[in-house]
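Engineer: The structure follows.
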Amino acid sequence: MVVMSMKIKLLRLIAAVQILLVLVCFGFQTRKVISGEPNAGVDRAPNIVMFFIDDLGYADLGCYGSTFHETPVIDQLARQSVRFNDFYSANPVCSPTRAALMTGKAPQRLGITQWLNQPNELHLPLEEVTIGEALSEAGYQTGYIGKWHLGDKDMHMPQFQGFDWVRCVNRGGSPGSYFYPYKRSGNKNKPNGIRFWDIPDLAEGKKGDYLNDAMTDQALSFIKENRDRPFFLCFAHYAVHTPIQAPDALVDKYKTKLKKSGEQPKDVIAERNGARTRSAQNNPTYAAMLENLDTNVGRVLQEIEDLELRENTVIVFTSDNGGLSTLASRRSTGGPTCCLPLRAGKGWTYEGGIRIPTMVSWPGHLKPAETSVPGITMDLYPTILDLAGVALKPKQHLDGVSLVPALQGNTGVELINRPLAWTYPHDHGSGHSPSNAIRMGKWKLIKLTDENTKSKDRFELYDLQADIGESTNLAIKHHDKTHQMAKRLSEWLESTQPKKSPKDRGN
Ligand SMILES: [Ca+2]
């Protein structure tokens, strides 16, 4: 009897442990699994729609402080999102950040530290397992629409990097024109006879049609076609990159708004190296581009709503670098936008060049909030896998971490104090000369690496909490901090150097 009783107790214990294990494995997890079944309710993995906007500056949206630009749809999305106040692009220009988004790696590991001019041998290495490939392997239908800028040959297009459905991807860094037929004119724009800037897949159209509208039509088709299975759509708008062009009626609206405001043109801000920064948002064409973009983001959100998919769709909204506010020319009035209160803009390692709007929304799963947890482009890869319930690939996304704890409101010191670093070893048309930078908590160190820079001027240290505009250099006052961060920056650069030069990669 005693033996029998012990056996029963043991069996009960085993059963209890089994139940506990089941609960731990399934009951308490927030992740979902892909069932592969159409509309499989709660078991279905969430759709992911990522808006990846080109050159969208930190202060460009109403929800991030703009009063001249009108972006009501994105502002509403922000109210439904976890909104990052301290999110950064991997680099102050396009291609390196795009490489980081696709791979979860710091751009220099991929040999891409500068935007790719055409023609160009550089491209995203094919051996990388992109976010598209990771989600495709997990059963997602994957789509990519818009600017790629990670290679200009057929074999380096997104269809060879994990995307099943690809539309409107040209071979350059901007569209020939935002107006139909979306081409540049003249032979000088066709190096080697190739029309790198023409947008494909939009032959049907008429004079006056606008690129953001036409691309959104295509994106809506993808969403409709895939409504019954998990999909990942990377919507990489060309807007708001140059050429700054927008529909006339909208431009007129902002011309009138500017006139009514009675604001006088403000002086440009003098930047290092003789560059000039725009000091106010007052470009009607740029504002019109943004409003059109906002309307088109709204069309996608409305379609998702109409298909009753909103509660099972994660929306990620981000940019690839800071706003274009600073230009090298001494005669210039700066770029088309202004990133104040941040210093400088696209092309610089100051905050204006790298701090960007970013938000993540998933109704019913993520509580809307603002967060000061710092994040960077490379984090989006593991964060999206985590939200999708797909196993992380730590050997792939080496330089990113899942921000899901931050999205769930956990602002642990590890995430708050995590060092983030940048290298941009190039001159840029914005006036930037080579520099590297690192942020640790409230401190930001910039190291100027231009050979002409005198050694005593090599370091700039800023307290971002007290001085978000990076106006007071504390490098000498806080010599120990400067030294400590410079060491950390060197170690980071050393540890992220590519193993092989791009030429040796063989593809
Ligand atoms: Ca860009």
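Residues in the structure tokens are named by chain (A, B, ... in the order shown) and by number from 1 within that chain; ligands are numbered from 1 in the order shown.
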Counting only C-alpha atoms and all ligand atoms, give me one row per residue of chain A with an atom at most 7 Å from an atom of ligand 1, showing the shortest contact pair and its distance in Å to one decimal, sorted by chain then residue number, as CSV.
Structural biologist:
```
residue,atom,partner,partner_atom_place_in_ligand_line,distance
A:Asp54,CA,ligand 1,1 (Ca),4.5
A:Asp55,CA,ligand 1,1 (Ca),4.1
A:Val93,CA,ligand 1,1 (Ca),5.3
A:Cys94,CA,ligand 1,1 (Ca),3.8
A:His241,CA,ligand 1,1 (Ca),6.5
A:Asp320,CA,ligand 1,1 (Ca),5.1
A:Asn321,CA,ligand 1,1 (Ca),5.3
```
Engineer: Go through stretch 366-462 of chain A and collect every residue that DSSP, computed from the backbone, puts in strand (DSSP E or B); the answer should be as a ChimeraX atom specification.
Structural biologist: /A:369-371,375-376,420-424,435-440,443-448,459-462
Engineer: Under the rule of at most 12 Å, produce a per-residue listing of stretch 284-401 of chain A near stretch 84-87 of chain A: chain, number, name, the closest pair of atoms, and the distance in Å, as CSV, using only C-alpha atoms.
Structural biologist:
```
residue,atom,partner,partner_atom,distance
A:Val316,CA,A:Phe84,CA,11.3
A:Phe317,CA,A:Phe84,CA,10.4
A:Thr318,CA,A:Phe87,CA,9.0
A:Ser319,CA,A:Phe87,CA,9.8
A:Asp320,CA,A:Phe87,CA,11.0
A:Asn321,CA,A:Phe87,CA,10.6
A:Gly322,CA,A:Phe87,CA,10.9
A:Leu342,CA,A:Asp86,CA,11.8
A:Glu351,CA,A:Asp86,CA,9.8
A:Gly352,CA,A:Phe87,CA,11.7
A:Gly353,CA,A:Phe87,CA,11.8
A:Ile354,CA,A:Phe87,CA,8.4
A:Arg355,CA,A:Phe87,CA,5.8
A:Ile356,CA,A:Phe87,CA,5.8
A:Pro357,CA,A:Phe87,CA,6.8
A:Thr358,CA,A:Phe84,CA,5.6
A:Met359,CA,A:Phe84,CA,5.9
A:Val360,CA,A:Phe84,CA,8.6
A:Ser361,CA,A:Phe84,CA,11.4
A:Pro368,CA,A:Phe84,CA,10.9
A:Ala369,CA,A:Phe84,CA,8.7
A:Glu370,CA,A:Phe84,CA,5.9
A:Thr371,CA,A:Phe84,CA,5.1
A:Ser372,CA,A:Asn85,CA,5.4
A:Val373,CA,A:Asp86,CA,6.5
A:Pro374,CA,A:Asp86,CA,4.8
A:Gly375,CA,A:Phe87,CA,4.6
A:Ile376,CA,A:Phe87,CA,5.6
A:Thr377,CA,A:Phe87,CA,8.0
A:Met378,CA,A:Phe87,CA,10.9
A:Asp379,CA,A:Phe87,CA,10.0
A:Leu380,CA,A:Phe87,CA,10.7
```
Engineer: Can you write just those residues out, C-alpha atoms, as an mmCIF file, in the first residue's frame?
Structural biologist:
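The new file result36.cif reads:
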```
data_model
loop_
_atom_site.group_PDB
_atom_site.id
_atom_site.type_symbol
_atom_site.label_atom_id
_atom_site.label_comp_id
_atom_site.auth_asym_id
_atom_site.auth_seq_id
_atom_site.Cartn_x
_atom_site.Cartn_y
_atom_site.Cartn_z
ATOM 1 C CA VAL A 316 7.139 49.587 -37.209
ATOM 2 C CA PHE A 317 7.885 53.120 -38.324
ATOM 3 C CA THR A 318 11.466 54.374 -38.693
ATOM 4 C CA SER A 319 13.918 56.381 -40.818
ATOM 5 C CA ASP A 320 17.372 55.691 -42.275
ATOM 6 C CA ASN A 321 19.205 58.851 -41.133
ATOM 7 C CA GLY A 322 18.602 62.354 -39.862
ATOM 8 C CA LEU A 342 19.360 68.816 -32.480
ATOM 9 C CA GLU A 351 22.390 64.104 -33.037
ATOM 10 C CA GLY A 352 20.686 65.771 -36.024
ATOM 11 C CA GLY A 353 22.346 63.252 -38.347
ATOM 12 C CA ILE A 354 21.533 60.090 -36.440
ATOM 13 C CA ARG A 355 18.617 60.560 -34.025
ATOM 14 C CA ILE A 356 15.397 59.585 -35.813
ATOM 15 C CA PRO A 357 11.680 59.106 -35.207
ATOM 16 C CA THR A 358 10.852 55.468 -34.451
ATOM 17 C CA MET A 359 7.725 53.825 -33.103
ATOM 18 C CA VAL A 360 6.223 50.352 -32.783
ATOM 19 C CA SER A 361 2.505 49.682 -32.541
ATOM 20 C CA PRO A 368 1.183 52.943 -25.904
ATOM 21 C CA ALA A 369 4.004 54.839 -24.210
ATOM 22 C CA GLU A 370 7.052 56.993 -24.737
ATOM 23 C CA THR A 371 10.416 55.513 -23.908
ATOM 24 C CA SER A 372 13.873 56.952 -23.378
ATOM 25 C CA VAL A 373 15.545 53.573 -23.801
ATOM 26 C CA PRO A 374 18.133 54.156 -26.532
ATOM 27 C CA GLY A 375 17.757 51.987 -29.615
ATOM 28 C CA ILE A 376 19.538 51.683 -32.956
ATOM 29 C CA THR A 377 18.695 50.305 -36.405
ATOM 30 C CA MET A 378 20.375 46.929 -35.764
ATOM 31 C CA ASP A 379 17.909 46.286 -32.921
ATOM 32 C CA LEU A 380 14.933 46.138 -35.257
#
```
Engineer: Could you jot down the atom CA of A:Lys395 to atom CA of A:Phe51 separation for me, Å, one decimal place?
Structural biologist: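 That distance, rounded to one decimal, is 25.7 Å.
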Engineer: Choose the residue, out of A:Gln281, A:Thr256, A:Asn170, A:Asn120, that has the smallest atom-to-atom separation from A:Pro191; count only C-alpha atoms.
Structural biologist: A:Asn120
Engineer: Just the number, please: distance in Å from atom CA of A:Leu211 to atom CA of A:Ser261, one decimal.
Structural biologist: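 Here the two named atoms are 29.7 Å from each other.
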Engineer: Atom CA of A:Pro230 to atom CA of A:Arg44: how many Å, to one decimal?
Structural biologist: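 That distance, rounded to one decimal, is 7.2 Å.
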Engineer: Considering only C-alpha atoms, return as a PyMOL selection string whatever protein or nucleic-acid residues lie within 7 Å of stretch 285-289 of chain A, sequence-local ones (same chain, fewer than 5 positions apart) excluded.
Structural biologist: chain A and resi 69+240+244-246+250-251+254+336
Engineer: Near A:Pro394, counting only C-alpha atoms, which residues have an atom at most 12 Å away, once you skip same-chain residues fewer than 2 positions from it, shown as a PyMOL selection string?
Structural biologist: chain A and resi 103-105+129+134+378-379+381-383+385-386+391-392+396-402
Engineer: Filtering to N, CA and C atoms, could you give me those residues as an mmCIF file, in the first residue's frame?
Structural biologist:
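Written output follows (again_16.cif):
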```cif
data_model
loop_
_atom_site.group_PDB
_atom_site.id
_atom_site.type_symbol
_atom_site.label_atom_id
_atom_site.label_comp_id
_atom_site.auth_asym_id
_atom_site.auth_seq_id
_atom_site.Cartn_x
_atom_site.Cartn_y
_atom_site.Cartn_z
ATOM 1 N N THR A 103 20.501 43.263 -41.823
ATOM 2 C CA THR A 103 21.361 42.221 -41.257
ATOM 3 C C THR A 103 21.448 42.205 -39.740
ATOM 4 N N GLY A 104 21.098 43.311 -39.084
ATOM 5 C CA GLY A 104 21.314 43.399 -37.636
ATOM 6 C C GLY A 104 22.779 43.563 -37.269
ATOM 7 N N LYS A 105 23.583 43.943 -38.251
ATOM 8 C CA LYS A 105 25.022 44.132 -38.004
ATOM 9 C C LYS A 105 25.418 45.588 -38.200
ATOM 10 N N VAL A 129 22.148 36.506 -43.801
ATOM 11 C CA VAL A 129 20.753 36.067 -43.667
ATOM 12 C C VAL A 129 19.943 37.301 -43.253
ATOM 13 N N ALA A 134 15.005 35.549 -42.761
ATOM 14 C CA ALA A 134 14.648 34.959 -41.456
ATOM 15 C C ALA A 134 13.131 34.786 -41.342
ATOM 16 N N MET A 378 20.086 48.370 -35.840
ATOM 17 C CA MET A 378 20.375 46.929 -35.764
ATOM 18 C C MET A 378 19.437 46.188 -34.812
ATOM 19 N N ASP A 379 18.824 46.916 -33.883
ATOM 20 C CA ASP A 379 17.909 46.286 -32.921
ATOM 21 C C ASP A 379 16.599 45.840 -33.575
ATOM 22 N N TYR A 381 15.927 44.125 -36.234
ATOM 23 C CA TYR A 381 15.931 42.719 -36.700
ATOM 24 C C TYR A 381 15.526 41.780 -35.558
ATOM 25 N N PRO A 382 16.296 41.746 -34.445
ATOM 26 C CA PRO A 382 15.885 40.840 -33.361
ATOM 27 C C PRO A 382 14.554 41.231 -32.712
ATOM 28 N N THR A 383 14.244 42.515 -32.674
ATOM 29 C CA THR A 383 12.979 42.947 -32.066
ATOM 30 C C THR A 383 11.798 42.392 -32.864
ATOM 31 N N LEU A 385 11.831 39.735 -34.908
ATOM 32 C CA LEU A 385 11.764 38.269 -34.733
ATOM 33 C C LEU A 385 11.087 37.934 -33.408
ATOM 34 N N ASP A 386 11.472 38.655 -32.372
ATOM 35 C CA ASP A 386 10.935 38.415 -31.039
ATOM 36 C C ASP A 386 9.420 38.637 -31.022
ATOM 37 N N ALA A 391 12.531 32.355 -33.409
ATOM 38 C CA ALA A 391 13.776 32.262 -32.636
ATOM 39 C C ALA A 391 14.786 33.304 -33.128
ATOM 40 N N LEU A 392 15.461 33.941 -32.179
ATOM 41 C CA LEU A 392 16.469 34.934 -32.545
ATOM 42 C C LEU A 392 17.655 34.243 -33.215
ATOM 43 N N GLN A 396 23.719 36.120 -36.348
ATOM 44 C CA GLN A 396 23.471 37.013 -37.493
ATOM 45 C C GLN A 396 23.381 38.464 -37.027
ATOM 46 N N HIS A 397 22.389 38.749 -36.166
ATOM 47 C CA HIS A 397 22.212 40.154 -35.748
ATOM 48 C C HIS A 397 23.152 40.481 -34.585
ATOM 49 N N LEU A 398 24.447 40.448 -34.886
ATOM 50 C CA LEU A 398 25.500 40.581 -33.877
ATOM 51 C C LEU A 398 25.431 41.871 -33.072
ATOM 52 N N ASP A 399 24.971 42.941 -33.717
ATOM 53 C CA ASP A 399 25.053 44.249 -33.059
ATOM 54 C C ASP A 399 23.699 44.794 -32.635
ATOM 55 N N GLY A 400 22.672 43.944 -32.678
ATOM 56 C CA GLY A 400 21.345 44.389 -32.252
ATOM 57 C C GLY A 400 20.852 43.540 -31.095
ATOM 58 N N VAL A 401 19.969 44.114 -30.296
ATOM 59 C CA VAL A 401 19.320 43.353 -29.226
ATOM 60 C C VAL A 401 17.813 43.527 -29.373
ATOM 61 N N SER A 402 17.057 42.572 -28.868
ATOM 62 C CA SER A 402 15.596 42.716 -28.896
ATOM 63 C C SER A 402 15.178 43.821 -27.924
#
```
Engineer: Find the residues near A:Ile315: any atom within 10 Å, counting only C-alpha atoms, skip ones fewer than 6 places away on the same chain, and give them as a PyMOL selection string.
Structural biologist: chain A and resi 46-51+77+81+233+301+359-363
Engineer: Write a file of the selected residues as an mmCIF file, in the first residue's frame, keeping C-alpha atoms.
Structural biologist:
```cif
data_model
loop_
_atom_site.group_PDB
_atom_site.id
_atom_site.type_symbol
_atom_site.label_atom_id
_atom_site.label_comp_id
_atom_site.auth_asym_id
_atom_site.auth_seq_id
_atom_site.Cartn_x
_atom_site.Cartn_y
_atom_site.Cartn_z
ATOM 1 C CA PRO A 46 1.386 38.790 -36.376
ATOM 2 C CA ASN A 47 1.831 40.504 -39.703
ATOM 3 C CA ILE A 48 4.687 42.995 -39.736
ATOM 4 C CA VAL A 49 4.494 46.213 -41.728
ATOM 5 C CA MET A 50 7.625 48.334 -41.540
ATOM 6 C CA PHE A 51 7.584 51.870 -42.872
ATOM 7 C CA LEU A 77 -0.088 56.154 -34.958
ATOM 8 C CA SER A 81 2.619 53.143 -30.274
ATOM 9 C CA LEU A 233 6.040 44.122 -45.770
ATOM 10 C CA LEU A 301 -3.345 51.554 -42.029
ATOM 11 C CA MET A 359 7.725 53.825 -33.103
ATOM 12 C CA VAL A 360 6.223 50.352 -32.783
ATOM 13 C CA SER A 361 2.505 49.682 -32.541
ATOM 14 C CA TRP A 362 0.596 46.469 -31.831
ATOM 15 C CA PRO A 363 -2.896 47.112 -30.439
#
```
Engineer: Give me the residues within 10 Å of A:Ile476 as a list in words, counting only C-alpha atoms and dropping any in the same chain fewer than 3 places off.
Structural biologist: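 Contacts, in chain order: Lys456, Asp457, Phe459, Glu460, Leu461, Asn473, His479, Asp480, Lys481, Thr482 and His483 of chain A.
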